[in-house]
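**Q** So that you have it, the file is structure23.txt, and it contains compact mmCIF, N, CA and C atoms and all ligand atoms:
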```
# COMPACT_ATOMS: atom_id res chain seq x y z
N MET D 1148 92.10 107.54 128.62
CA MET D 1148 91.82 106.45 127.67
C MET D 1148 92.59 106.69 126.38
N ALA D 1149 93.14 105.64 125.84
CA ALA D 1149 93.88 105.74 124.59
C ALA D 1149 93.08 105.18 123.44
N TYR D 1150 93.27 105.77 122.29
CA TYR D 1150 92.67 105.26 121.07
C TYR D 1150 93.74 104.59 120.24
N THR D 1151 93.42 103.40 119.77
CA THR D 1151 94.38 102.67 118.96
C THR D 1151 93.76 102.29 117.62
N TYR D 1152 94.53 102.47 116.58
CA TYR D 1152 94.11 102.03 115.25
C TYR D 1152 95.18 101.10 114.70
N GLN D 1153 94.75 99.91 114.31
CA GLN D 1153 95.67 98.97 113.67
C GLN D 1153 95.24 98.81 112.23
N CYS D 1154 96.15 99.13 111.32
CA CYS D 1154 95.81 99.14 109.91
C CYS D 1154 95.32 97.77 109.45
N LYS D 1155 95.88 96.72 110.00
CA LYS D 1155 95.53 95.37 109.57
C LYS D 1155 94.08 95.01 109.92
N ASP D 1156 93.46 95.78 110.81
CA ASP D 1156 92.06 95.53 111.15
C ASP D 1156 91.11 96.04 110.08
N TYR D 1157 91.66 96.85 109.17
CA TYR D 1157 90.81 97.41 108.13
C TYR D 1157 90.84 96.50 106.91
N PRO D 1158 89.66 96.12 106.38
CA PRO D 1158 89.60 95.21 105.23
C PRO D 1158 90.49 95.68 104.09
N GLY D 1159 91.30 94.77 103.60
CA GLY D 1159 92.20 95.09 102.50
C GLY D 1159 93.59 95.49 102.95
N ASN D 1160 93.75 95.77 104.24
CA ASN D 1160 95.05 96.19 104.76
C ASN D 1160 95.64 95.14 105.71
N GLU D 1161 95.22 93.91 105.55
CA GLU D 1161 95.61 92.87 106.50
C GLU D 1161 97.13 92.70 106.62
N ALA D 1162 97.86 93.02 105.55
CA ALA D 1162 99.30 92.81 105.56
C ALA D 1162 100.08 93.98 106.15
N CYS D 1163 99.39 95.05 106.49
CA CYS D 1163 100.08 96.26 106.94
C CYS D 1163 100.36 96.19 108.44
N PRO D 1164 101.62 96.45 108.85
CA PRO D 1164 101.97 96.42 110.27
C PRO D 1164 101.67 97.72 110.99
N GLY D 1165 101.11 98.70 110.29
CA GLY D 1165 100.89 100.01 110.89
C GLY D 1165 99.96 99.95 112.09
N SER D 1166 100.36 100.61 113.18
CA SER D 1166 99.54 100.68 114.38
C SER D 1166 99.79 102.02 115.06
N PHE D 1167 98.71 102.69 115.46
CA PHE D 1167 98.85 104.03 116.00
C PHE D 1167 98.02 104.19 117.26
N THR D 1168 98.64 104.72 118.28
CA THR D 1168 97.94 104.94 119.54
C THR D 1168 98.15 106.39 119.97
N ALA D 1169 97.07 107.02 120.39
CA ALA D 1169 97.15 108.39 120.87
C ALA D 1169 96.08 108.61 121.92
N ALA D 1170 96.19 109.73 122.61
CA ALA D 1170 95.26 110.00 123.70
C ALA D 1170 93.89 110.39 123.20
N THR D 1171 93.83 110.90 121.97
CA THR D 1171 92.55 111.36 121.45
C THR D 1171 92.28 110.76 120.08
N GLU D 1172 91.00 110.64 119.76
CA GLU D 1172 90.60 110.14 118.45
C GLU D 1172 91.14 111.06 117.35
N ALA D 1173 91.11 112.37 117.60
CA ALA D 1173 91.55 113.32 116.59
C ALA D 1173 93.02 113.12 116.25
N GLU D 1174 93.83 112.83 117.25
CA GLU D 1174 95.26 112.62 116.98
C GLU D 1174 95.46 111.33 116.20
N VAL D 1175 94.73 110.29 116.57
CA VAL D 1175 94.84 109.04 115.82
C VAL D 1175 94.50 109.27 114.35
N MET D 1176 93.46 110.07 114.10
CA MET D 1176 93.07 110.35 112.72
C MET D 1176 94.21 111.01 111.95
N LYS D 1177 94.93 111.91 112.59
CA LYS D 1177 96.05 112.58 111.91
C LYS D 1177 97.13 111.56 111.53
N HIS D 1178 97.43 110.66 112.44
CA HIS D 1178 98.42 109.63 112.15
C HIS D 1178 97.94 108.74 111.01
N VAL D 1179 96.67 108.38 111.04
CA VAL D 1179 96.12 107.49 110.02
C VAL D 1179 96.13 108.16 108.65
N GLU D 1180 95.79 109.45 108.62
CA GLU D 1180 95.79 110.16 107.35
C GLU D 1180 97.20 110.21 106.75
N LEU D 1181 98.17 110.53 107.59
CA LEU D 1181 99.55 110.60 107.13
C LEU D 1181 100.02 109.22 106.68
N HIS D 1182 99.70 108.21 107.46
CA HIS D 1182 100.08 106.84 107.14
C HIS D 1182 99.46 106.40 105.82
N GLY D 1183 98.20 106.75 105.62
CA GLY D 1183 97.53 106.36 104.39
C GLY D 1183 98.24 106.89 103.16
N LYS D 1184 98.68 108.13 103.24
CA LYS D 1184 99.38 108.75 102.12
C LYS D 1184 100.78 108.17 101.96
N ALA D 1185 101.48 108.02 103.08
CA ALA D 1185 102.87 107.60 103.04
C ALA D 1185 103.03 106.12 102.71
N ALA D 1186 102.18 105.29 103.29
CA ALA D 1186 102.36 103.85 103.16
C ALA D 1186 101.49 103.25 102.07
N HIS D 1187 100.35 103.87 101.79
CA HIS D 1187 99.42 103.28 100.83
C HIS D 1187 99.18 104.16 99.62
N GLY D 1188 99.82 105.32 99.58
CA GLY D 1188 99.70 106.19 98.42
C GLY D 1188 98.30 106.64 98.14
N GLU D 1189 97.53 106.83 99.19
CA GLU D 1189 96.14 107.21 98.99
C GLU D 1189 95.98 108.72 98.84
N ASP D 1190 94.93 109.08 98.13
CA ASP D 1190 94.57 110.49 98.06
C ASP D 1190 93.10 110.64 98.40
N ARG D 1191 92.67 111.87 98.46
CA ARG D 1191 91.31 112.13 98.94
C ARG D 1191 90.24 111.63 97.98
N ARG D 1192 90.61 111.44 96.73
CA ARG D 1192 89.60 110.99 95.77
C ARG D 1192 89.34 109.50 95.88
N LYS D 1193 90.27 108.78 96.50
CA LYS D 1193 90.11 107.34 96.60
C LYS D 1193 90.38 106.89 98.04
N PRO D 1194 89.51 107.24 98.93
CA PRO D 1194 89.74 106.89 100.33
C PRO D 1194 89.63 105.40 100.55
N ALA D 1195 90.67 104.83 101.13
CA ALA D 1195 90.65 103.40 101.43
C ALA D 1195 90.84 103.14 102.91
N LEU D 1196 91.11 104.21 103.64
CA LEU D 1196 91.19 104.07 105.08
C LEU D 1196 89.85 104.49 105.68
N PRO D 1197 89.57 104.02 106.86
CA PRO D 1197 88.25 104.24 107.45
C PRO D 1197 87.97 105.71 107.74
N SER D 1198 86.73 106.02 107.74
CA SER D 1198 86.29 107.36 108.13
C SER D 1198 86.47 107.54 109.63
N ARG D 1199 86.16 108.73 110.08
CA ARG D 1199 86.21 109.01 111.52
C ARG D 1199 85.33 108.01 112.28
N ARG D 1200 84.16 107.74 111.74
CA ARG D 1200 83.27 106.77 112.38
C ARG D 1200 83.91 105.38 112.38
N GLY D 1201 84.60 105.06 111.30
CA GLY D 1201 85.27 103.76 111.21
C GLY D 1201 86.34 103.60 112.25
N ILE D 1202 87.06 104.68 112.52
CA ILE D 1202 88.09 104.64 113.57
C ILE D 1202 87.46 104.27 114.90
N LEU D 1203 86.36 104.92 115.23
CA LEU D 1203 85.71 104.62 116.49
C LEU D 1203 85.28 103.17 116.55
N SER D 1204 84.73 102.69 115.43
CA SER D 1204 84.29 101.30 115.38
C SER D 1204 85.46 100.35 115.58
N LEU D 1205 86.55 100.62 114.87
CA LEU D 1205 87.72 99.76 114.98
C LEU D 1205 88.33 99.81 116.37
N THR D 1206 88.39 101.00 116.95
CA THR D 1206 88.97 101.09 118.28
C THR D 1206 88.08 100.40 119.29
N ASN D 1207 86.78 100.48 119.09
CA ASN D 1207 85.87 99.77 119.99
C ASN D 1207 86.08 98.26 119.88
N GLN D 1208 86.22 97.79 118.65
CA GLN D 1208 86.46 96.37 118.45
C GLN D 1208 87.74 95.94 119.14
N ALA D 1209 88.78 96.75 118.98
CA ALA D 1209 90.07 96.41 119.56
C ALA D 1209 89.98 96.32 121.08
N ARG D 1210 89.14 97.16 121.64
CA ARG D 1210 89.03 97.19 123.08
C ARG D 1210 88.22 95.99 123.60
N ASP D 1211 87.25 95.56 122.79
CA ASP D 1211 86.30 94.57 123.28
C ASP D 1211 86.69 93.13 123.00
N ARG D 1212 87.67 92.93 122.13
CA ARG D 1212 87.96 91.55 121.75
C ARG D 1212 89.37 91.18 122.15
N PRO D 1213 89.61 89.92 122.31
CA PRO D 1213 90.98 89.47 122.63
C PRO D 1213 91.91 89.76 121.47
N VAL D 1214 93.17 89.91 121.78
CA VAL D 1214 94.17 90.25 120.76
C VAL D 1214 94.23 89.18 119.69
N SER D 1215 94.01 87.94 120.08
CA SER D 1215 94.19 86.84 119.14
C SER D 1215 92.96 86.59 118.26
N ALA D 1216 91.87 87.31 118.49
CA ALA D 1216 90.66 87.08 117.71
C ALA D 1216 90.90 87.35 116.23
N ALA D 1217 90.32 86.53 115.39
CA ALA D 1217 90.53 86.69 113.96
C ALA D 1217 89.25 87.21 113.31
ZN ZN D 1301 98.63 100.73 106.63
```
Would you give me this structure, written as structure tokens?
Ligand SMILES: [Zn+2]
**A**
Amino acid sequence: MAYTYQCKDYPGNEACPGSFTAATEAEVMKHVELHGKAAHGEDRRKPALPSRRGILSLTNQARDRPVSAA
């Protein structure tokens, strides 16, 4: 099973084309952390990307809904 995180699914990041797929949730988190710093200039004091729990929620949503759902 693959885990996918699409940045645009996260509130406030709708314009971001970032999308990451990996075999494990832990690997997706690493990509998301790096992406957050590189693309959004985030630091640990101002987290704007989802938590680990948020990743699971988002990946579950992605799996359960059609691609075109808004
Ligand atoms: Zn992004």
**Q** Please, which residues have at least one atom within 9 Å of an atom of ligand ZN 1301 (chain D), using only C-alpha atoms and all ligand atoms, listed as a ChimeraX atom specification?
**A** /D:1153-1155,1157,1160-1166,1179,1182-1183,1185-1187,1196
**Q** Would you mind reading off the distance between CA of Tyr1150 (chain D) and CA of Gly1188 (chain D), one decimal, in Å?
**A**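 Straight-line distance from CA of Tyr1150 (chain D) to CA of Gly1188 (chain D) works out to 23.7 Å.
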**Q** Can you pull out the residues contacting Ala1149 (chain D)? Cut-off 6.5 Å, using all atoms listed in the file, and skip same-chain residues under 3 positions away; I want them as JSON, numbers by chain.
**A** {"D": [1168, 1169, 1170, 1171]}
**Q** Can those selected residues be exported to a file as a compact mmCIF listing (two decimals), in the coordinates of the input so that it contains N, CA and C atoms?
**A**
```txt
# COMPACT_ATOMS: atom_id res chain seq x y z
N THR D 1168 98.64 104.72 118.28
CA THR D 1168 97.94 104.94 119.54
C THR D 1168 98.15 106.39 119.97
N ALA D 1169 97.07 107.02 120.39
CA ALA D 1169 97.15 108.39 120.87
C ALA D 1169 96.08 108.61 121.92
N ALA D 1170 96.19 109.73 122.61
CA ALA D 1170 95.26 110.00 123.70
C ALA D 1170 93.89 110.39 123.20
N THR D 1171 93.83 110.90 121.97
CA THR D 1171 92.55 111.36 121.45
C THR D 1171 92.28 110.76 120.08
```
**Q** Could you jot down the atom C of Glu1172 (chain D) to atom N of Pro1158 (chain D) separation for me, Å, one decimal place?
**A**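 Rounded to one decimal, the two atoms are 18.6 Å apart.
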**Q** At what distance in Å, to one decimal, does atom C of Met1148 (chain D) lie from atom N of Leu1181 (chain D)?
**A**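 According to the coordinates, atom N of Leu1181 (chain D) and atom C of Met1148 (chain D) are separated by 20.0 Å.
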**Q** Using all atoms of region 1151-1170 of chain D listed in the file and a margin of 4 Å per side, can you give the axis-aligned box centre and edge lengths in Å to one decimal, as AutoDock Vina command-line options?
**A**
```
--center_x 95.8 --center_y 101.5 --center_z 113.1 --size_x 20.4 --size_y 25.7 --size_z 29.2
```
